[in-house]
file run-v4.tsv (TSV, C-alpha atoms)
chain	number	residue	atom	x	y	z
A	1	MET	CA	16.88	-10.22	40.48
A	2	THR	CA	13.23	-11.23	40.41
A	3	ALA	CA	11.43	-12.77	37.46
A	4	ALA	CA	9.72	-9.43	36.76
A	5	GLY	CA	13.06	-7.63	36.85
A	6	ALA	CA	14.59	-10.18	34.48
A	7	LYS	CA	11.73	-9.74	32.07
A	8	LEU	CA	12.20	-5.96	32.01
A	9	GLU	CA	15.83	-6.33	30.91
A	10	ASP	CA	15.13	-7.98	27.58
A	11	THR	CA	18.02	-6.75	25.43
A	12	PRO	CA	17.77	-9.59	22.84
A	13	ARG	CA	14.13	-8.73	22.22
A	14	ILE	CA	14.95	-5.08	21.62
A	15	GLU	CA	17.76	-6.14	19.26
A	16	ARG	CA	15.30	-8.37	17.35
A	17	LEU	CA	12.81	-5.53	17.04
A	18	ILE	CA	15.54	-3.20	15.77
A	19	ALA	CA	16.75	-5.77	13.21
A	20	LEU	CA	13.21	-6.48	11.98
A	21	ALA	CA	12.42	-2.77	11.74
A	22	GLU	CA	15.61	-2.14	9.73
A	23	ARG	CA	14.73	-4.87	7.24
A	24	LEU	CA	11.16	-3.57	6.92
A	25	ILE	CA	12.42	0.00	6.45
A	26	ALA	CA	14.66	-1.19	3.60
A	27	ALA	CA	11.68	-2.90	1.92
A	28	LEU	CA	9.44	0.14	2.38
A	29	GLU	CA	12.08	2.52	1.02
A	30	SER	CA	12.47	0.25	-2.01
A	31	ASP	CA	8.70	0.38	-2.53
A	32	ILE	CA	8.69	4.16	-2.24
A	33	ALA	CA	11.39	4.43	-4.91
A	34	GLU	CA	9.44	2.08	-7.20
A	35	LEU	CA	6.21	4.04	-6.66
A	36	LYS	CA	7.97	7.31	-7.44
A	37	ASN	CA	9.14	5.76	-10.72
A	38	GLY	CA	5.61	4.59	-11.51
A	39	ARG	CA	6.31	0.87	-11.17
A	40	THR	CA	3.87	-1.02	-8.98
A	41	ALA	CA	4.53	-4.56	-10.20
A	42	THR	CA	7.89	-4.85	-8.43
A	43	LEU	CA	6.90	-3.81	-4.91
A	44	LYS	CA	8.89	-5.60	-2.21
A	45	THR	CA	5.96	-5.59	0.23
A	46	ASN	CA	4.16	-8.08	-2.03
A	47	ASP	CA	7.00	-10.55	-1.46
A	48	PRO	CA	5.98	-13.39	0.91
A	49	GLU	CA	9.28	-13.00	2.81
A	50	VAL	CA	8.50	-9.37	3.62
A	51	GLN	CA	4.96	-10.32	4.63
A	52	LYS	CA	6.42	-12.91	7.04
A	53	LEU	CA	8.73	-10.22	8.44
A	54	THR	CA	5.74	-7.93	8.92
A	55	ALA	CA	3.83	-10.62	10.80
A	56	LEU	CA	6.87	-11.44	12.94
A	57	TYR	CA	7.40	-7.75	13.75
A	58	GLY	CA	3.73	-7.44	14.69
A	59	ARG	CA	3.96	-10.38	17.09
A	60	GLU	CA	7.18	-9.09	18.65
A	61	ALA	CA	5.84	-5.56	19.03
A	62	GLN	CA	2.45	-6.65	20.33
A	63	GLY	CA	3.79	-8.03	23.59
A	64	PHE	CA	6.42	-5.33	23.98
A	65	ASP	CA	6.17	-3.33	27.19
A	66	LEU	CA	7.43	0.24	27.30
A	67	ARG	CA	9.19	-0.53	30.58
A	68	ILE	CA	11.48	-2.93	28.68
A	69	ALA	CA	12.77	-0.05	26.57
A	70	GLN	CA	13.05	2.20	29.61
A	71	SER	CA	15.18	-0.33	31.46
A	72	ALA	CA	17.47	-0.96	28.47
A	73	PRO	CA	21.00	0.46	28.37
A	74	PRO	CA	21.00	4.09	27.14
A	75	THR	CA	22.75	3.39	23.82
A	76	LEU	CA	20.35	0.56	22.98
A	77	ARG	CA	17.37	2.68	24.04
A	78	GLN	CA	18.51	5.52	21.76
A	79	ARG	CA	18.95	3.12	18.82
A	80	PHE	CA	15.51	1.68	19.50
A	81	LEU	CA	13.84	5.09	19.69
A	82	ALA	CA	15.62	6.31	16.54
A	83	ILE	CA	14.71	3.24	14.47
A	84	THR	CA	11.13	3.34	15.74
A	85	ALA	CA	10.77	7.00	14.71
A	86	LYS	CA	12.31	6.30	11.29
A	87	PHE	CA	10.06	3.26	10.82
A	88	ARG	CA	6.98	5.35	11.62
A	89	ASP	CA	8.03	8.09	9.17
A	90	VAL	CA	8.80	5.66	6.34
A	91	LEU	CA	5.55	3.80	6.98
A	92	GLN	CA	3.54	7.04	6.77
A	93	LEU	CA	5.28	8.04	3.53
A	94	HIS	CA	4.63	4.57	2.10
A	95	ALA	CA	0.94	4.80	3.02
A	96	ARG	CA	0.69	8.22	1.33
A	97	MET	CA	2.34	6.90	-1.84
A	98	ILE	CA	0.04	3.87	-1.96
A	99	ALA	CA	-2.99	6.14	-1.45
A	100	ARG	CA	-1.84	8.37	-4.35
A	101	VAL	CA	-1.45	5.40	-6.69
A	102	LYS	CA	-4.82	4.03	-5.59
A	103	ASN	CA	-6.56	7.37	-6.16
A	104	ALA	CA	-4.91	7.82	-9.55
A	105	SER	CA	-5.86	4.34	-10.76
A	106	GLU	CA	-9.42	4.72	-9.48
A	107	GLY	CA	-9.61	8.10	-11.24
A	108	ILE	CA	-8.49	6.55	-14.52
A	109	ILE	CA	-11.05	3.75	-14.20
A	110	ARG	CA	-13.79	6.25	-13.36
A	111	ALA	CA	-12.85	8.44	-16.35
A	112	ILE	CA	-12.95	5.44	-18.70
A	113	ALA	CA	-16.32	4.33	-17.31
A	114	ASP	CA	-17.74	7.85	-17.69
A	115	GLU	CA	-16.49	8.05	-21.28
A	116	VAL	CA	-18.00	4.66	-22.15
A	117	GLU	CA	-21.29	5.71	-20.56
A	118	ARG	CA	-21.23	9.00	-22.49
A	119	ALA	CA	-20.46	7.22	-25.75
A	120	ASN	CA	-23.30	4.75	-25.22
A	121	ALA	CA	-25.82	7.40	-24.18
A	122	PRO	CA	-28.60	8.08	-26.67
A	123	THR	CA	-28.17	11.18	-28.78
A	124	ARG	CA	-30.72	13.94	-28.62
A	125	THR	CA	-32.49	14.63	-31.85
A	126	TYR	CA	-34.88	17.36	-32.98
A	127	GLY	CA	-37.44	14.87	-34.30
A	128	PRO	CA	-40.93	14.19	-32.98
A	129	ARG	CA	-39.52	12.04	-30.20
A	130	PRO	CA	-36.55	13.79	-28.57
A	131	GLY	CA	-33.86	11.43	-27.43
A	132	TYR	CA	-34.98	8.68	-29.78
A	133	LYS	CA	-32.28	6.79	-31.55
A	134	PRO	CA	-33.22	3.83	-33.71
A	135	PRO	CA	-31.72	0.59	-32.45
A	136	SER	CA	-28.60	-0.57	-34.18
A	137	SER	CA	-29.14	-3.15	-36.90
A	138	GLY	CA	-26.00	-4.91	-35.78
A	139	ALA	CA	-22.85	-5.46	-37.74
A	140	MET	CA	-22.94	-4.56	-41.40
A	141	LEU	CA	-21.84	-7.23	-43.90
A	142	PHE	CA	-20.44	-6.76	-47.35
A	143	ASN	CA	-21.34	-9.42	-49.85
A	144	ARG	CA	-19.84	-9.30	-53.37
A	145	VAL	CA	-22.28	-11.86	-54.69
A	146	VAL	CA	-25.27	-9.60	-54.50

call {"tool": "encode", "arguments": {"input": "run-v4.tsv", "output": "structure tokens"}}
result
Amino acid sequence: MTAAGAKLEDTPRIERLIALAERLIAALESDIAELKNGRTATLKTNDPEVQKLTALYGREAQGFDLRIAQSAPPTLRQRFLAITAKFRDVLQLHARMIARVKNASEGIIRAIADEVERANAPTRTYGPRPGYKPPSSGAMLFNRVV
């Protein structure tokens, strides 16, 4: 076999990609369950180990050639295609859940900011100068001596 032919039959690399994808899928599914329960502090994807796995998967997948998968044994190719499809689906669901949490938290912050702005807005009066509100004299003190 030639060097190019040997490179196309890279079964250990496909096995590594499958193993990495399975570990990442488990972490993403754990995150999805936590997000559905409203807990964002315990997300697995914030763990440095999972972030290392993500970087390793990215490096492995970056140099992966489709011809390697095509030249793999049929059972390995089917496992690879199935895990890749599942990984893509779980990743899309995870992205949707993160977007929902982000939109909800931004909405809460925006509502609080709007309420603070409304509360601090000057009141409209029917006096000679509409919208005039005398400035606050500051905190009021109670002194029993006087």

call {"tool": "residues_around", "arguments": {"input": "run-v4.tsv", "residues": "Asn46 in chain A", "least_positions_apart": "5", "cutoff": "10 Å", "atoms": "all atoms listed in the file", "output": "PyMOL selection string"}}
result
chain A and resi 27+31+40-41+51

call {"tool": "atom_distance", "arguments": {"input": "run-v4.tsv", "atom1": "CA of Glu49 in chain A", "atom2": "CA of Gly63 in chain A"}}
result
22.1 Å

call {"tool": "residues_around", "arguments": {"input": "run-v4.tsv", "residues": "Tyr57 in chain A", "least_positions_apart": "2", "cutoff": "8 Å", "atoms": "all atoms listed in the file", "output": "count of residues only"}}
result
9

call {"tool": "closest_residue", "arguments": {"input": "run-v4.tsv", "among": "A:Arg67, A:Ala113, A:Thr11, A:Leu93", "to": "Ile32 in chain A", "atoms": "all atoms listed in the file"}}
result
A:Leu93

call {"tool": "closest_residue", "arguments": {"input": "run-v4.tsv", "among": "A:Val116, A:Ala121, A:Met97, A:Ile108", "to": "Ala33 in chain A", "atoms": "all atoms listed in the file"}}
result
A:Met97

call {"tool": "closest_residue", "arguments": {"input": "run-v4.tsv", "among": "A:Asp47, A:Glu106, A:Glu29, A:Glu15", "to": "Phe80 in chain A", "atoms": "all atoms listed in the file"}}
result
A:Glu15

call {"tool": "closest_residue", "arguments": {"input": "run-v4.tsv", "among": "A:Ala119, A:Leu81, A:Ile68, A:Ile98", "to": "Lys36 in chain A", "atoms": "all atoms listed in the file"}}
result
A:Ile98

call {"tool": "closest_residue", "arguments": {"input": "run-v4.tsv", "among": "A:His94, A:Ile83, A:Gln70, A:Phe64", "to": "Ala19 in chain A", "atoms": "all atoms listed in the file"}}
result
A:Ile83

call {"tool": "closest_residue", "arguments": {"input": "run-v4.tsv", "among": "A:Asp114, A:Leu24, A:Leu35, A:Arg16", "to": "Arg96 in chain A", "atoms": "only C-alpha atoms"}}
result
A:Leu35

call {"tool": "atom_distance", "arguments": {"input": "run-v4.tsv", "atom1": "CA of Thr75 in chain A", "atom2": "CA of Gln62 in chain A"}}
result
22.9 Å

call {"tool": "atom_distance", "arguments": {"input": "run-v4.tsv", "atom1": "CA of Glu115 in chain A", "atom2": "CA of Arg100 in chain A"}}
result
22.4 Å

call {"tool": "decode", "arguments": {"input": "run-v4.tsv", "residues": "range 19-113 of chain A", "atoms": "C-alpha atoms", "output": "mmCIF file, in the first residue's frame"}}
result
data_model
loop_
_atom_site.group_PDB
_atom_site.id
_atom_site.type_symbol
_atom_site.label_atom_id
_atom_site.label_comp_id
_atom_site.auth_asym_id
_atom_site.auth_seq_id
_atom_site.Cartn_x
_atom_site.Cartn_y
_atom_site.Cartn_z
ATOM 1 C CA ALA A 19 -14.880 8.288 21.756
ATOM 2 C CA LEU A 20 -14.441 12.067 22.038
ATOM 3 C CA ALA A 21 -17.871 12.695 20.518
ATOM 4 C CA GLU A 22 -19.494 10.249 22.965
ATOM 5 C CA ARG A 23 -17.914 12.003 25.953
ATOM 6 C CA LEU A 24 -18.951 15.419 24.629
ATOM 7 C CA ILE A 25 -22.501 14.176 23.983
ATOM 8 C CA ALA A 26 -22.718 12.991 27.601
ATOM 9 C CA ALA A 27 -21.584 16.431 28.838
ATOM 10 C CA LEU A 28 -24.014 18.257 26.542
ATOM 11 C CA GLU A 29 -26.929 16.042 27.566
ATOM 12 C CA SER A 30 -26.091 16.721 31.213
ATOM 13 C CA ASP A 31 -26.122 20.460 30.471
ATOM 14 C CA ILE A 32 -29.464 20.181 28.701
ATOM 15 C CA ALA A 33 -30.976 18.426 31.725
ATOM 16 C CA GLU A 34 -29.582 21.109 34.052
ATOM 17 C CA LEU A 35 -30.909 23.903 31.822
ATOM 18 C CA LYS A 36 -34.351 22.301 31.720
ATOM 19 C CA ASN A 37 -34.321 22.283 35.535
ATOM 20 C CA GLY A 38 -33.293 25.941 35.615
ATOM 21 C CA ARG A 39 -29.807 25.369 37.029
ATOM 22 C CA THR A 40 -27.021 27.113 35.153
ATOM 23 C CA ALA A 41 -24.320 27.050 37.825
ATOM 24 C CA THR A 42 -23.617 23.329 37.425
ATOM 25 C CA LEU A 43 -23.097 23.121 33.667
ATOM 26 C CA LYS A 44 -20.537 20.500 32.643
ATOM 27 C CA THR A 45 -19.355 22.530 29.647
ATOM 28 C CA ASN A 46 -17.833 25.064 32.058
ATOM 29 C CA ASP A 47 -15.567 22.321 33.415
ATOM 30 C CA PRO A 48 -11.947 22.708 32.192
ATOM 31 C CA GLU A 49 -11.809 18.974 31.394
ATOM 32 C CA VAL A 50 -14.746 19.270 28.997
ATOM 33 C CA GLN A 51 -13.208 22.370 27.437
ATOM 34 C CA LYS A 52 -9.995 20.375 26.826
ATOM 35 C CA LEU A 53 -12.077 17.611 25.240
ATOM 36 C CA THR A 54 -13.744 20.180 23.005
ATOM 37 C CA ALA A 55 -10.390 21.564 21.874
ATOM 38 C CA LEU A 56 -9.034 18.058 21.269
ATOM 39 C CA TYR A 57 -12.125 17.111 19.263
ATOM 40 C CA GLY A 58 -11.752 20.287 17.211
ATOM 41 C CA ARG A 59 -8.129 19.485 16.386
ATOM 42 C CA GLU A 60 -8.943 15.879 15.489
ATOM 43 C CA ALA A 61 -11.920 16.848 13.340
ATOM 44 C CA GLN A 62 -10.140 19.725 11.627
ATOM 45 C CA GLY A 63 -7.688 17.528 9.770
ATOM 46 C CA PHE A 64 -10.203 14.758 9.142
ATOM 47 C CA ASP A 65 -10.742 13.903 5.497
ATOM 48 C CA LEU A 66 -14.067 12.486 4.346
ATOM 49 C CA ARG A 67 -12.191 9.848 2.349
ATOM 50 C CA ILE A 68 -10.937 8.385 5.646
ATOM 51 C CA ALA A 69 -14.502 7.657 6.707
ATOM 52 C CA GLN A 70 -15.380 6.335 3.266
ATOM 53 C CA SER A 71 -12.494 3.870 3.322
ATOM 54 C CA ALA A 72 -13.282 2.653 6.855
ATOM 55 C CA PRO A 73 -14.902 -0.742 7.442
ATOM 56 C CA PRO A 74 -18.704 -0.557 7.045
ATOM 57 C CA THR A 75 -19.518 -1.161 10.730
ATOM 58 C CA LEU A 76 -17.075 1.529 11.860
ATOM 59 C CA ARG A 77 -18.358 3.922 9.195
ATOM 60 C CA GLN A 78 -21.954 3.387 10.378
ATOM 61 C CA ARG A 79 -20.957 4.005 14.010
ATOM 62 C CA PHE A 80 -19.102 7.138 12.966
ATOM 63 C CA LEU A 81 -22.022 8.488 10.927
ATOM 64 C CA ALA A 82 -24.521 7.703 13.698
ATOM 65 C CA ILE A 83 -22.464 9.362 16.449
ATOM 66 C CA THR A 84 -21.777 12.373 14.224
ATOM 67 C CA ALA A 85 -25.498 12.833 13.537
ATOM 68 C CA LYS A 86 -26.335 12.465 17.243
ATOM 69 C CA PHE A 87 -23.566 14.910 18.188
ATOM 70 C CA ARG A 88 -24.920 17.473 15.721
ATOM 71 C CA ASP A 89 -28.481 17.087 17.056
ATOM 72 C CA VAL A 90 -27.441 17.354 20.713
ATOM 73 C CA LEU A 91 -25.230 20.341 19.928
ATOM 74 C CA GLN A 92 -28.120 22.143 18.197
ATOM 75 C CA LEU A 93 -30.456 21.436 21.126
ATOM 76 C CA HIS A 94 -27.806 22.682 23.559
ATOM 77 C CA ALA A 95 -27.358 25.889 21.548
ATOM 78 C CA ARG A 96 -31.139 26.469 21.567
ATOM 79 C CA MET A 97 -31.320 25.947 25.340
ATOM 80 C CA ILE A 98 -28.409 28.329 25.959
ATOM 81 C CA ALA A 99 -30.053 30.925 23.696
ATOM 82 C CA ARG A 100 -33.325 30.609 25.654
ATOM 83 C CA VAL A 101 -31.576 31.117 28.981
ATOM 84 C CA LYS A 102 -29.618 34.058 27.568
ATOM 85 C CA ASN A 103 -32.764 35.702 26.189
ATOM 86 C CA ALA A 104 -34.649 35.159 29.447
ATOM 87 C CA SER A 105 -31.878 36.621 31.597
ATOM 88 C CA GLU A 106 -31.436 39.587 29.256
ATOM 89 C CA GLY A 107 -35.207 40.132 29.368
ATOM 90 C CA ILE A 108 -35.178 40.155 33.165
ATOM 91 C CA ILE A 109 -32.297 42.640 33.230
ATOM 92 C CA ARG A 110 -34.035 44.853 30.680
ATOM 93 C CA ALA A 111 -37.302 44.761 32.674
ATOM 94 C CA ILE A 112 -35.478 45.739 35.875
ATOM 95 C CA ALA A 113 -33.652 48.573 34.096
#
